[in-house]
$ cat work_11.txt   # compact mmCIF, C-alpha atoms and all ligand atoms
# COMPACT_ATOMS: atom_id res chain seq x y z
CA MET A 22 -16.66 -68.00 -46.97
CA GLN A 23 -13.90 -67.47 -44.46
CA ALA A 24 -14.50 -67.57 -40.72
CA THR A 25 -14.89 -64.12 -39.20
CA ASP A 26 -15.76 -62.97 -35.72
CA LEU A 27 -19.37 -62.51 -36.86
CA SER A 28 -19.75 -66.00 -38.32
CA THR A 29 -18.12 -67.70 -35.33
CA ASP A 30 -19.74 -65.56 -32.62
CA HIS A 31 -16.59 -63.98 -31.34
CA VAL A 32 -15.87 -60.41 -30.38
CA LEU A 33 -12.52 -58.67 -30.58
CA CYS A 34 -11.47 -56.12 -27.99
CA LEU A 35 -9.96 -53.21 -29.91
CA HIS A 36 -8.00 -52.10 -26.86
CA CYS A 37 -6.03 -55.22 -26.03
CA GLN A 38 -6.84 -57.49 -29.02
CA HIS A 39 -8.20 -60.23 -26.80
CA VAL A 40 -10.87 -62.36 -28.51
CA SER A 41 -13.91 -63.36 -26.44
CA LYS A 42 -17.18 -65.15 -27.07
CA THR A 43 -20.15 -62.88 -27.87
CA ASN A 44 -21.88 -63.62 -24.58
CA VAL A 45 -19.06 -61.84 -22.72
CA LYS A 46 -19.96 -58.20 -22.02
CA TYR A 47 -16.67 -56.86 -20.66
CA CYS A 48 -13.22 -57.81 -21.85
CA PRO A 49 -11.68 -60.18 -19.28
CA VAL A 50 -8.20 -58.82 -19.98
CA CYS A 51 -8.70 -55.07 -19.92
CA ASP A 52 -12.28 -54.54 -18.72
CA GLN A 53 -13.52 -52.58 -21.73
CA VAL A 54 -17.12 -52.88 -22.94
CA LEU A 55 -17.15 -55.19 -25.94
CA HIS A 56 -18.82 -54.54 -29.29
CA GLN A 57 -18.40 -56.55 -32.47
CA ARG A 58 -18.23 -53.37 -34.55
CA LYS A 59 -17.56 -49.78 -33.58
CA ARG A 60 -20.92 -48.39 -32.51
CA ASP A 61 -22.86 -46.37 -35.08
CA SER A 62 -19.71 -46.28 -37.16
CA TYR A 63 -21.44 -45.45 -40.43
CA VAL A 64 -23.63 -42.63 -39.14
CA ARG A 65 -20.91 -41.09 -37.00
CA THR A 66 -18.38 -41.12 -39.80
CA LEU A 67 -20.91 -39.61 -42.18
CA ALA A 68 -21.83 -36.86 -39.73
CA PHE A 69 -18.23 -35.89 -38.98
CA THR A 70 -17.33 -35.98 -42.69
CA ILE A 71 -20.20 -33.67 -43.66
CA ALA A 72 -19.38 -31.28 -40.82
CA ALA A 73 -15.72 -31.24 -41.89
CA LEU A 74 -16.70 -30.55 -45.52
CA ILE A 75 -18.76 -27.56 -44.40
CA PHE A 76 -15.77 -26.12 -42.54
CA TYR A 77 -13.43 -26.85 -45.44
CA ILE A 78 -14.99 -24.09 -47.57
CA PRO A 79 -14.54 -21.05 -45.27
CA ALA A 80 -11.15 -22.39 -44.23
CA ASN A 81 -9.90 -21.99 -47.79
CA TYR A 82 -11.92 -19.00 -48.85
CA PHE A 83 -11.36 -16.50 -46.05
CA PRO A 84 -8.03 -14.94 -45.03
CA ILE A 85 -6.11 -17.01 -42.56
CA MET A 86 -3.41 -14.52 -41.67
CA LYS A 87 -3.11 -10.73 -41.57
CA THR A 88 0.28 -9.11 -41.90
CA GLU A 89 0.61 -5.49 -40.90
CA THR A 90 3.73 -3.37 -41.12
CA LEU A 91 4.21 0.38 -41.27
CA ILE A 92 4.09 0.34 -45.03
CA PHE A 93 1.65 -2.40 -45.91
CA TYR A 94 -1.33 -4.40 -44.83
CA GLU A 95 -2.09 -7.77 -46.26
CA ASN A 96 -4.80 -10.34 -45.84
CA SER A 97 -3.81 -13.76 -47.06
CA THR A 98 -5.65 -17.02 -47.54
CA ILE A 99 -4.05 -20.46 -47.33
CA LEU A 100 -3.49 -20.49 -51.10
CA ASP A 101 -1.93 -16.99 -51.07
CA GLY A 102 0.57 -18.27 -48.53
CA ILE A 103 1.47 -21.17 -50.79
CA PHE A 104 1.83 -18.93 -53.86
CA TYR A 105 4.13 -16.72 -51.82
CA PHE A 106 6.53 -19.60 -51.28
CA PHE A 107 6.53 -20.55 -54.95
CA GLU A 108 7.10 -16.95 -56.06
CA HIS A 109 10.09 -16.73 -53.76
CA GLY A 110 11.58 -19.97 -55.00
CA GLU A 111 10.88 -21.93 -51.82
CA TYR A 112 9.45 -24.85 -53.74
CA PHE A 113 10.04 -27.43 -51.04
CA VAL A 114 8.31 -25.54 -48.25
CA GLY A 115 5.54 -24.47 -50.61
CA THR A 116 4.92 -28.09 -51.52
CA VAL A 117 4.93 -29.20 -47.87
CA ILE A 118 2.36 -26.56 -46.91
CA PHE A 119 0.26 -27.32 -49.97
CA MET A 120 0.23 -31.02 -49.13
CA ALA A 121 -0.57 -30.45 -45.46
CA SER A 122 -3.21 -27.74 -45.78
CA VAL A 123 -4.98 -28.27 -49.07
CA PHE A 124 -4.27 -31.68 -50.52
CA VAL A 125 -4.35 -33.93 -47.43
CA PRO A 126 -7.64 -32.64 -45.95
CA LEU A 127 -9.40 -32.82 -49.29
CA VAL A 128 -8.11 -36.29 -50.15
CA LYS A 129 -8.99 -37.45 -46.67
CA LEU A 130 -12.57 -36.28 -46.99
CA LEU A 131 -12.93 -37.75 -50.49
CA VAL A 132 -11.54 -41.10 -49.33
CA LEU A 133 -13.97 -41.16 -46.40
CA ILE A 134 -16.89 -40.45 -48.71
CA PHE A 135 -15.71 -43.16 -51.09
CA LEU A 136 -15.38 -45.68 -48.25
CA LEU A 137 -18.81 -44.82 -46.87
CA TYR A 138 -20.27 -45.22 -50.36
CA SER A 139 -18.58 -48.63 -50.72
CA VAL A 140 -20.05 -49.76 -47.42
CA LYS A 141 -23.49 -48.57 -48.45
CA MET A 142 -23.24 -50.42 -51.77
CA GLY A 143 -21.74 -53.52 -50.20
CA SER A 144 -19.06 -53.39 -52.90
CA LYS A 145 -16.41 -56.11 -52.92
CA TRP A 146 -14.17 -54.32 -55.38
CA LYS A 147 -10.50 -53.93 -54.29
CA ARG A 148 -11.14 -54.24 -50.58
CA VAL A 149 -7.48 -54.72 -49.73
CA ASP A 150 -6.67 -51.40 -51.39
CA LYS A 151 -9.51 -49.67 -49.56
CA ASN A 152 -8.08 -50.88 -46.26
CA GLN A 153 -4.70 -49.55 -47.31
CA LEU A 154 -6.28 -46.24 -48.28
CA TYR A 155 -7.87 -45.98 -44.85
CA THR A 156 -4.59 -46.70 -43.07
CA THR A 157 -2.91 -44.02 -45.18
CA ILE A 158 -5.40 -41.28 -44.40
CA TYR A 159 -5.30 -42.31 -40.76
CA ILE A 160 -1.54 -41.74 -40.66
CA ILE A 161 -1.28 -38.57 -42.73
CA GLY A 162 -4.44 -36.84 -41.47
CA ARG A 163 -2.97 -35.22 -38.40
CA TRP A 164 -0.28 -33.49 -40.49
CA SER A 165 -2.87 -30.95 -41.59
CA MET A 166 -2.29 -29.16 -38.29
CA LEU A 167 1.08 -28.05 -39.65
CA ASP A 168 -0.11 -24.72 -40.98
CA ILE A 169 -1.80 -23.82 -37.70
CA PHE A 170 1.45 -24.38 -35.83
CA VAL A 171 3.40 -22.37 -38.39
CA MET A 172 1.02 -19.48 -37.89
CA GLY A 173 1.38 -19.81 -34.14
CA ILE A 174 5.13 -19.47 -34.39
CA MET A 175 4.89 -16.60 -36.91
CA ILE A 176 2.53 -14.72 -34.63
CA SER A 177 4.72 -15.11 -31.59
CA MET A 178 7.82 -14.06 -33.56
CA VAL A 179 6.43 -11.14 -35.51
CA HIS A 180 4.92 -9.16 -32.71
CA PHE A 181 6.51 -5.74 -32.66
CA GLY A 182 3.60 -3.53 -31.71
CA ASP A 183 3.03 -0.90 -34.39
CA ILE A 184 6.01 -1.73 -36.56
CA ALA A 185 5.10 -5.24 -37.64
CA MET A 186 2.33 -7.55 -36.60
CA VAL A 187 0.99 -10.87 -37.74
CA THR A 188 -2.51 -11.75 -36.58
CA LEU A 189 -4.92 -14.53 -37.33
CA GLY A 190 -7.77 -14.44 -39.78
CA TRP A 191 -11.12 -16.01 -39.24
CA ALA A 192 -10.32 -18.96 -41.50
CA SER A 193 -7.77 -20.32 -39.05
CA LEU A 194 -10.54 -21.33 -36.68
CA SER A 195 -12.54 -23.08 -39.42
CA PHE A 196 -9.39 -24.78 -40.57
CA ALA A 197 -8.46 -26.15 -37.15
CA THR A 198 -12.05 -27.26 -36.54
CA MET A 199 -12.08 -28.99 -39.92
CA VAL A 200 -8.87 -30.90 -39.13
CA VAL A 201 -10.19 -32.03 -35.75
CA LEU A 202 -13.48 -33.13 -37.33
CA THR A 203 -11.70 -35.19 -40.01
CA MET A 204 -9.68 -36.86 -37.27
CA PHE A 205 -12.89 -37.79 -35.46
CA ALA A 206 -14.40 -39.01 -38.73
CA THR A 207 -11.45 -41.29 -39.46
CA GLU A 208 -11.46 -42.55 -35.89
CA SER A 209 -15.17 -43.46 -36.12
CA PHE A 210 -14.90 -45.50 -39.30
CA ASP A 211 -14.71 -49.27 -38.94
CA THR A 212 -12.96 -50.93 -41.91
CA ARG A 213 -14.56 -54.24 -41.02
CA LEU A 214 -17.80 -52.87 -42.46
CA LEU A 215 -16.15 -53.17 -45.89
CA TRP A 216 -15.63 -56.89 -45.38
CA ASP A 217 -18.86 -57.89 -43.70
CA GLU A 218 -21.49 -59.56 -45.82
CA ASN A 219 -24.14 -57.23 -47.15
CA ASP A 220 -27.02 -58.04 -44.83
CA GLU A 221 -24.75 -57.72 -41.84
CA ASN A 222 -24.10 -54.04 -42.32
CA GLU A 223 -25.89 -51.79 -39.87
CA MET B 603 -5.46 -65.29 -18.86
CA ILE B 604 -2.42 -65.24 -21.11
CA ASP B 605 -3.18 -68.68 -22.47
CA GLU B 606 -6.56 -67.42 -23.61
CA MET B 607 -4.88 -64.78 -25.75
CA LYS B 608 -4.07 -67.35 -28.44
CA THR B 609 -7.09 -66.91 -30.68
CA LEU B 610 -6.62 -63.92 -32.93
CA CYS B 611 -8.96 -61.78 -34.94
CA CYS B 612 -7.95 -59.22 -37.55
CA PRO B 613 -8.95 -55.74 -36.31
CA SER B 614 -9.37 -54.40 -39.82
CA CYS B 615 -11.40 -57.14 -41.54
CA GLY B 616 -12.65 -59.43 -38.79
CA LEU B 617 -11.00 -62.64 -40.06
CA MET B 618 -10.34 -65.26 -37.39
CA LEU B 619 -6.75 -66.45 -37.23
CA LYS B 620 -4.73 -68.95 -35.27
CA SER B 621 -1.62 -67.71 -33.61
CA GLU B 622 1.61 -69.65 -33.61
CA ASP B 623 2.62 -67.30 -30.84
CA LYS B 624 6.30 -66.99 -31.43
CA GLY B 625 6.39 -63.40 -30.36
CA ASN B 626 6.56 -62.19 -33.94
CA SER B 627 4.38 -59.64 -35.64
CA VAL B 628 1.45 -61.24 -37.50
CA LYS B 629 -0.12 -60.05 -40.73
CA CYS B 630 -3.65 -60.81 -41.84
CA PRO B 631 -3.72 -63.12 -44.92
CA ARG B 632 -6.92 -61.52 -46.23
CA CYS B 633 -6.43 -57.76 -45.87
CA TYR B 634 -2.67 -57.64 -45.09
CA ALA B 635 -3.21 -55.47 -42.00
CA LEU B 636 -0.92 -55.85 -39.02
CA VAL B 637 -2.76 -58.03 -36.52
CA ILE B 638 -0.13 -58.25 -33.81
CA LYS B 639 2.64 -55.81 -33.29
CA GLU B 640 5.24 -57.12 -30.93
CA GLY B 641 6.89 -54.28 -29.09
CA HIS B 642 10.30 -53.91 -27.53
CA ARG B 643 11.17 -54.88 -23.99
CA LEU B 644 9.54 -52.91 -21.18
CA SER B 645 12.85 -51.34 -20.24
CA TYR B 646 12.94 -49.70 -23.68
CA ASP B 647 9.60 -47.93 -23.15
CA LEU B 648 10.50 -47.02 -19.60
CA ALA B 649 13.85 -45.54 -20.63
CA LEU B 650 12.19 -43.49 -23.37
CA SER B 651 9.53 -42.13 -21.04
CA ILE B 652 12.16 -41.09 -18.49
CA ALA B 653 14.23 -39.37 -21.19
CA ALA B 654 11.12 -37.59 -22.49
CA LEU B 655 10.20 -36.47 -18.99
CA ILE B 656 13.63 -34.93 -18.47
CA LEU B 657 13.58 -33.18 -21.84
CA TYR B 658 10.03 -31.90 -21.52
CA PHE B 659 10.56 -28.89 -19.27
CA PRO B 660 13.55 -27.28 -21.01
CA ALA B 661 11.90 -27.97 -24.37
CA MET B 662 8.73 -26.18 -23.37
CA PHE B 663 10.04 -23.25 -21.37
CA LEU B 664 13.27 -22.21 -23.08
CA PRO B 665 13.03 -19.97 -26.13
CA ILE B 666 12.96 -21.81 -29.44
CA LEU B 667 13.70 -19.07 -31.93
CA SER B 668 14.69 -15.45 -31.78
CA TYR B 669 14.01 -13.01 -34.52
CA LYS B 670 15.70 -9.69 -35.07
CA MET B 671 14.08 -6.80 -36.83
CA GLY B 672 15.92 -3.53 -36.71
CA LEU B 673 16.85 -3.04 -33.09
CA ALA B 674 14.07 -5.08 -31.64
CA THR B 675 14.51 -8.75 -30.90
CA GLN B 676 11.62 -11.10 -30.37
CA THR B 677 12.01 -14.46 -28.71
CA GLY B 678 9.32 -17.04 -29.19
CA ASN B 679 7.97 -20.36 -28.19
CA MET B 680 4.49 -21.89 -28.18
CA PHE B 681 3.50 -20.20 -24.92
CA PHE B 682 3.85 -16.75 -26.48
CA ALA B 683 1.87 -17.88 -29.48
CA LEU B 684 -0.93 -19.08 -27.23
CA LYS B 685 -0.95 -15.78 -25.37
CA TYR B 686 -1.41 -13.87 -28.63
CA PHE B 687 -4.05 -16.29 -29.96
CA TYR B 688 -5.94 -15.74 -26.77
CA GLU B 689 -5.59 -11.95 -26.81
CA ASP B 690 -6.77 -11.81 -30.41
CA GLY B 691 -9.97 -13.60 -29.44
CA TYR B 692 -9.17 -17.05 -30.79
CA GLU B 693 -9.73 -18.94 -27.56
CA LEU B 694 -10.79 -22.18 -29.21
CA LEU B 695 -7.74 -22.18 -31.45
CA SER B 696 -5.45 -21.59 -28.52
CA VAL B 697 -7.11 -24.51 -26.74
CA ILE B 698 -6.48 -26.82 -29.72
CA VAL B 699 -2.85 -25.76 -30.04
CA PHE B 700 -2.25 -25.89 -26.30
CA PHE B 701 -3.70 -29.36 -26.13
CA THR B 702 -1.78 -30.87 -29.06
CA THR B 703 1.66 -29.38 -28.42
CA ILE B 704 1.84 -28.91 -24.65
CA LEU B 705 -0.80 -30.71 -22.61
CA ALA B 706 -1.25 -33.97 -24.55
CA PRO B 707 2.52 -34.67 -24.75
CA PHE B 708 2.82 -34.04 -21.02
CA ILE B 709 -0.05 -36.34 -20.05
CA TYR B 710 1.21 -38.97 -22.48
CA ILE B 711 4.73 -38.95 -21.10
CA ILE B 712 3.68 -38.92 -17.42
CA THR B 713 1.20 -41.74 -18.00
CA SER B 714 3.77 -43.79 -19.93
CA PHE B 715 6.21 -43.33 -17.11
CA LEU B 716 3.73 -44.36 -14.40
CA MET B 717 2.45 -47.35 -16.35
CA PHE B 718 5.76 -48.72 -17.59
CA SER B 719 7.49 -48.24 -14.24
CA ALA B 720 4.67 -50.20 -12.55
CA LEU B 721 4.89 -52.96 -15.17
CA TYR B 722 8.67 -53.04 -15.04
CA GLU B 723 8.75 -53.43 -11.27
CA LYS B 724 5.81 -55.88 -11.44
CA ARG B 725 3.92 -53.60 -9.10
CA LYS B 726 0.14 -53.98 -8.85
CA THR B 727 -1.69 -50.83 -9.83
CA LYS B 728 -5.36 -49.98 -9.56
CA PHE B 729 -5.07 -47.45 -12.35
CA MET B 730 -3.89 -49.79 -15.11
CA ASN B 731 -7.13 -49.36 -17.04
CA MET B 732 -6.98 -45.62 -16.83
CA TYR B 733 -3.32 -45.47 -17.86
CA PHE B 734 -3.93 -47.70 -20.84
CA SER B 735 -7.00 -45.81 -22.03
CA ILE B 736 -5.19 -42.50 -21.78
CA LEU B 737 -2.31 -43.77 -23.93
CA PHE B 738 -4.68 -45.49 -26.34
CA TYR B 739 -6.79 -42.43 -27.07
CA LEU B 740 -4.17 -39.71 -26.72
CA ARG B 741 -1.58 -41.21 -29.05
CA GLU B 742 -2.57 -39.44 -32.25
CA TRP B 743 -3.17 -36.10 -30.53
CA VAL B 744 0.46 -35.75 -29.48
CA MET B 745 1.71 -33.58 -32.32
CA LEU B 746 5.30 -32.84 -31.38
CA ASP B 747 6.61 -34.25 -34.67
CA ILE B 748 4.41 -31.83 -36.60
CA TYR B 749 5.48 -29.01 -34.32
CA ILE B 750 9.16 -29.62 -35.23
CA ILE B 751 8.42 -29.46 -38.95
CA SER B 752 6.38 -26.29 -38.42
CA ILE B 753 9.41 -24.68 -36.78
CA LEU B 754 11.51 -25.52 -39.84
CA VAL B 755 8.88 -24.00 -42.12
CA SER B 756 8.73 -20.85 -39.98
CA ILE B 757 12.50 -20.49 -40.16
CA VAL B 758 12.36 -20.53 -43.94
CA LYS B 759 9.48 -18.07 -43.92
CA LEU B 760 11.12 -15.63 -41.52
CA GLN B 761 14.56 -15.79 -43.04
CA ALA B 762 13.38 -13.76 -46.00
CA THR B 763 12.84 -10.69 -43.84
CA ALA B 764 15.31 -10.79 -40.98
CA ASP B 765 17.84 -12.74 -38.96
CA VAL B 766 16.56 -15.85 -37.27
CA MET B 767 18.53 -17.41 -34.44
CA PHE B 768 18.03 -20.76 -32.81
CA GLY B 769 17.08 -20.67 -29.16
CA SER B 770 18.45 -23.12 -26.63
CA GLY B 771 15.07 -24.82 -26.30
CA LEU B 772 15.16 -26.12 -29.85
CA ILE B 773 17.67 -28.89 -29.24
CA PHE B 774 15.65 -30.14 -26.24
CA LEU B 775 12.51 -29.98 -28.31
CA VAL B 776 14.02 -32.09 -31.09
CA GLY B 777 15.12 -34.66 -28.50
CA LEU B 778 11.71 -34.64 -26.85
CA SER B 779 9.93 -35.08 -30.13
CA LEU B 780 12.19 -38.00 -31.08
CA CYS B 781 11.60 -39.73 -27.73
CA SER B 782 7.86 -39.28 -27.92
CA PHE B 783 7.81 -40.53 -31.51
CA LEU B 784 9.72 -43.70 -30.60
CA LEU B 785 7.59 -44.14 -27.51
CA SER B 786 4.32 -44.00 -29.38
CA ASN B 787 5.73 -46.21 -32.14
CA ALA B 788 6.64 -48.88 -29.61
CA PHE B 789 3.12 -48.92 -28.17
CA SER B 790 1.95 -52.53 -28.23
CA PRO B 791 -1.34 -53.25 -26.42
CA ARG B 792 -0.72 -56.97 -26.39
CA LYS B 793 2.66 -56.62 -24.77
CA ILE B 794 1.33 -54.25 -22.13
CA TRP B 795 -1.59 -56.47 -21.07
CA ARG B 796 0.55 -59.56 -21.18
CA ALA B 797 3.05 -57.95 -18.84
CA TYR B 798 0.25 -56.79 -16.57
CA HIS B 799 -1.30 -60.21 -16.22
CA ALA B 800 2.08 -61.87 -15.85
CA SER B 801 2.68 -59.63 -12.86
CA ASP B 802 -0.51 -60.61 -11.07
CA ARG B 803 0.31 -64.29 -11.29
CA SER B 804 3.68 -64.15 -9.68
ZN ZN A 901 -9.59 -55.96 -23.87
ZN ZN A 902 -7.65 -58.69 -42.06

$ encode --input "work_11.txt" --output "structure tokens" --more "lines below"
Ligand SMILES: [Zn+2]
Ligand SMILES: [Zn+2]
Amino acid sequence: MQATDLSTDHVLCLHCQHVSKTNVKYCPVCDQVLHQRKRDSYVRTLAFTIAALIFYIPANYFPIMKTETLIFYENSTILDGIFYFFEHGEYFVGTVIFMASVFVPLVKLLVLIFLLYSVKMGSKWKRVDKNQLYTTIYIIGRWSMLDIFVMGIMISMVHFGDIAMVTLGWASLSFATMVVLTMFATESFDTRLLWDENDENE
Amino acid sequence: MIDEMKTLCCPSCGLMLKSEDKGNSVKCPRCYALVIKEGHRLSYDLALSIAALILYFPAMFLPILSYKMGLATQTGNMFFALKYFYEDGYELLSVIVFFTTILAPFIYIITSFLMFSALYEKRKTKFMNMYFSILFYLREWVMLDIYIISILVSIVKLQATADVMFGSGLIFLVGLSLCSFLLSNAFSPRKIWRAYHASDRS
């Protein structure tokens, strides 16, 4: 077995990367409280993931944007918006929005569930790849906010009183909440739990 | 203090490592995560934060796009969007958008400037801990890069119906987003704390 911070009684400060002995309570370099693992990582990640999953459903089901002009009124969901781009030949933008709003959040949640399951099972299968997977969702996760910003700009641009108006649907709030929750969930997860020996989890 | 920073521990799997300390980046042999990221010189971060500070105000307050429909012209930036979000009863959403595109970038840039100028001049500061924590936690909530892409998507979306013109704020915004991206990419906790403790010895 290789020497880890647990087996050698060390503790790493995640802020400044200084390594101390476990009897040290506060990091001597940056004064942070020291913990060998992120506190309650498993439970927190699980809670945020479940909460995000709950918000994922209304975010995709209900209309996210309402377009009103003199001649028509339209309620559209996230998927309607994506279909619109594809119908009009804007394949690139359609793909970008699809990735950011539908694919990334879902993949992120599935990866988190998979990682939590691996921790629970103490699985040693492909741990390097799991770490890589975590890093990936950590980096791409925030891009889900893209659609919210697009709607913000659309609303501020298309605001002509009675002639043409774009307003928000209820799903936009669920969507933004879901994205924020997945960011918290990712933040709470500690990849070291994947590497610790079984009896050391929790 | 600096001499003690020689023992290393992988933040993503907990493996203990020995550092050769040549100022290079170090990768973990077990999980291949980046253990140490050596940043640029302090003057690089300082220069970027000054540039970002200068670009911030024109980027935020000048119009970004204008949109022509019939005789009416609408000029927009994120502040208008927030106003409409708020009026439509989506207070929480406007808070999220305000935070990620306007407030967080501002706090991040100001804090970077204060911290890096103190480190650069080897000035003692009581607030070092606060500065560092702000940068550490705020980093992924600065979403200017996503904001830029969302503007591009909106342009494509709006072009179908009417003329879209670039506002003068857009060029500043692109510059700001680039500076803040480079700034947050150069963030290296080890370098920052090393510089801080070097300054209290001399
Ligand atoms: Zn520390
Ligand atoms: Zn490692």

$ interface_residues --input "work_11.txt" --of "chain A" --to "chain B" --cutoff "8 Å" --atoms "all atoms listed in the file" --output "PDB file with C-alpha atoms, in the frame of the given file"
ATOM      1  CA  GLN A  23     -13.900 -67.470 -44.460  1.00  0.00           C
ATOM      2  CA  ALA A  24     -14.500 -67.570 -40.720  1.00  0.00           C
ATOM      3  CA  THR A  25     -14.890 -64.120 -39.200  1.00  0.00           C
ATOM      4  CA  ASP A  26     -15.760 -62.970 -35.720  1.00  0.00           C
ATOM      5  CA  LEU A  27     -19.370 -62.510 -36.860  1.00  0.00           C
ATOM      6  CA  LEU A  33     -12.520 -58.670 -30.580  1.00  0.00           C
ATOM      7  CA  LEU A  35      -9.960 -53.210 -29.910  1.00  0.00           C
ATOM      8  CA  HIS A  36      -8.000 -52.100 -26.860  1.00  0.00           C
ATOM      9  CA  CYS A  37      -6.030 -55.220 -26.030  1.00  0.00           C
ATOM     10  CA  GLN A  38      -6.840 -57.490 -29.020  1.00  0.00           C
ATOM     11  CA  HIS A  39      -8.200 -60.230 -26.800  1.00  0.00           C
ATOM     12  CA  VAL A  40     -10.870 -62.360 -28.510  1.00  0.00           C
ATOM     13  CA  VAL A  50      -8.200 -58.820 -19.980  1.00  0.00           C
ATOM     14  CA  CYS A  51      -8.700 -55.070 -19.920  1.00  0.00           C
ATOM     15  CA  ASP A  52     -12.280 -54.540 -18.720  1.00  0.00           C
ATOM     16  CA  VAL A 114       8.310 -25.540 -48.250  1.00  0.00           C
ATOM     17  CA  ARG A 148     -11.140 -54.240 -50.580  1.00  0.00           C
ATOM     18  CA  VAL A 149      -7.480 -54.720 -49.730  1.00  0.00           C
ATOM     19  CA  ASN A 152      -8.080 -50.880 -46.260  1.00  0.00           C
ATOM     20  CA  ARG A 163      -2.970 -35.220 -38.400  1.00  0.00           C
ATOM     21  CA  TRP A 164      -0.280 -33.490 -40.490  1.00  0.00           C
ATOM     22  CA  MET A 166      -2.290 -29.160 -38.290  1.00  0.00           C
ATOM     23  CA  LEU A 167       1.080 -28.050 -39.650  1.00  0.00           C
ATOM     24  CA  ASP A 168      -0.110 -24.720 -40.980  1.00  0.00           C
ATOM     25  CA  ILE A 169      -1.800 -23.820 -37.700  1.00  0.00           C
ATOM     26  CA  PHE A 170       1.450 -24.380 -35.830  1.00  0.00           C
ATOM     27  CA  VAL A 171       3.400 -22.370 -38.390  1.00  0.00           C
ATOM     28  CA  GLY A 173       1.380 -19.810 -34.140  1.00  0.00           C
ATOM     29  CA  ILE A 174       5.130 -19.470 -34.390  1.00  0.00           C
ATOM     30  CA  MET A 175       4.890 -16.600 -36.910  1.00  0.00           C
ATOM     31  CA  ILE A 176       2.530 -14.720 -34.630  1.00  0.00           C
ATOM     32  CA  SER A 177       4.720 -15.110 -31.590  1.00  0.00           C
ATOM     33  CA  MET A 178       7.820 -14.060 -33.560  1.00  0.00           C
ATOM     34  CA  VAL A 179       6.430 -11.140 -35.510  1.00  0.00           C
ATOM     35  CA  HIS A 180       4.920  -9.160 -32.710  1.00  0.00           C
ATOM     36  CA  PHE A 181       6.510  -5.740 -32.660  1.00  0.00           C
ATOM     37  CA  THR A 188      -2.510 -11.750 -36.580  1.00  0.00           C
ATOM     38  CA  LEU A 189      -4.920 -14.530 -37.330  1.00  0.00           C
ATOM     39  CA  SER A 193      -7.770 -20.320 -39.050  1.00  0.00           C
ATOM     40  CA  LEU A 194     -10.540 -21.330 -36.680  1.00  0.00           C
ATOM     41  CA  ALA A 197      -8.460 -26.150 -37.150  1.00  0.00           C
ATOM     42  CA  ASP A 211     -14.710 -49.270 -38.940  1.00  0.00           C
ATOM     43  CA  THR A 212     -12.960 -50.930 -41.910  1.00  0.00           C
ATOM     44  CA  ARG A 213     -14.560 -54.240 -41.020  1.00  0.00           C
ATOM     45  CA  LEU A 214     -17.800 -52.870 -42.460  1.00  0.00           C
ATOM     46  CA  LEU A 215     -16.150 -53.170 -45.890  1.00  0.00           C
ATOM     47  CA  TRP A 216     -15.630 -56.890 -45.380  1.00  0.00           C
ATOM     48  CA  ASP A 217     -18.860 -57.890 -43.700  1.00  0.00           C
TER      49      ASP A 217
END

$ closest_residue --input "work_11.txt" --among "A:Thr156, A:Ser209, A:Ser195, A:Thr29" --to "A:Leu74" --atoms "only C-alpha atoms"
A:Ser195

$ atom_distance --input "work_11.txt" --atom1 "atom CA of A:Leu55" --atom2 "atom CA of A:Lys129"
28.5 Å

$ residues_around --input "work_11.txt" --residues "A:Ala72" --least-positions-apart "2" --cutoff "12 Å" --atoms "only C-alpha atoms" --output "PyMOL selection string"
chain A and resi 65-70+74-78+130+195-196+198-206

$ closest_residue --input "work_11.txt" --among "A:Trp191, A:Thr207, A:Cys48, A:Leu136" --to "A:Phe83" --atoms "all atoms listed in the file"
A:Trp191

$ atom_distance --input "work_11.txt" --atom1 "atom CA of B:Ser714" --atom2 "atom CA of B:Phe789"
9.7 Å

$ atom_distance --input "work_11.txt" --atom1 "atom CA of B:Ser782" --atom2 "atom CA of B:Ile656"
11.9 Å

$ residues_near_point --input "work_11.txt" --point "(-10.6, -12.1, -43.4)" --cutoff "9 Å" --atoms "only C-alpha atoms" --output "list in words"
Tyr82, Phe83, Pro84, Ile85, Met86, Lys87, Asn96, Ser97, Thr98, Leu189, Gly190, Trp191 and Ala192 of chain A

$ residues_around --input "work_11.txt" --residues "A:Ile103" --least-positions-apart "5" --cutoff "10 Å" --atoms "all atoms listed in the file" --output "list in words"
Ser97, Thr98, Glu108, Glu111, Tyr112, Val114, Gly115, Thr116, Val117, Ile118, Phe119, Ser122 and Val123 of chain A

$ write_last_selection --input "work_11.txt" --atoms "C-alpha atoms" --output "PDB file, in the coordinates of the input"
ATOM      1  CA  SER A  97      -3.810 -13.760 -47.060  1.00  0.00           C
ATOM      2  CA  THR A  98      -5.650 -17.020 -47.540  1.00  0.00           C
ATOM      3  CA  GLU A 108       7.100 -16.950 -56.060  1.00  0.00           C
ATOM      4  CA  GLU A 111      10.880 -21.930 -51.820  1.00  0.00           C
ATOM      5  CA  TYR A 112       9.450 -24.850 -53.740  1.00  0.00           C
ATOM      6  CA  VAL A 114       8.310 -25.540 -48.250  1.00  0.00           C
ATOM      7  CA  GLY A 115       5.540 -24.470 -50.610  1.00  0.00           C
ATOM      8  CA  THR A 116       4.920 -28.090 -51.520  1.00  0.00           C
ATOM      9  CA  VAL A 117       4.930 -29.200 -47.870  1.00  0.00           C
ATOM     10  CA  ILE A 118       2.360 -26.560 -46.910  1.00  0.00           C
ATOM     11  CA  PHE A 119       0.260 -27.320 -49.970  1.00  0.00           C
ATOM     12  CA  SER A 122      -3.210 -27.740 -45.780  1.00  0.00           C
ATOM     13  CA  VAL A 123      -4.980 -28.270 -49.070  1.00  0.00           C
TER      14      VAL A 123
END
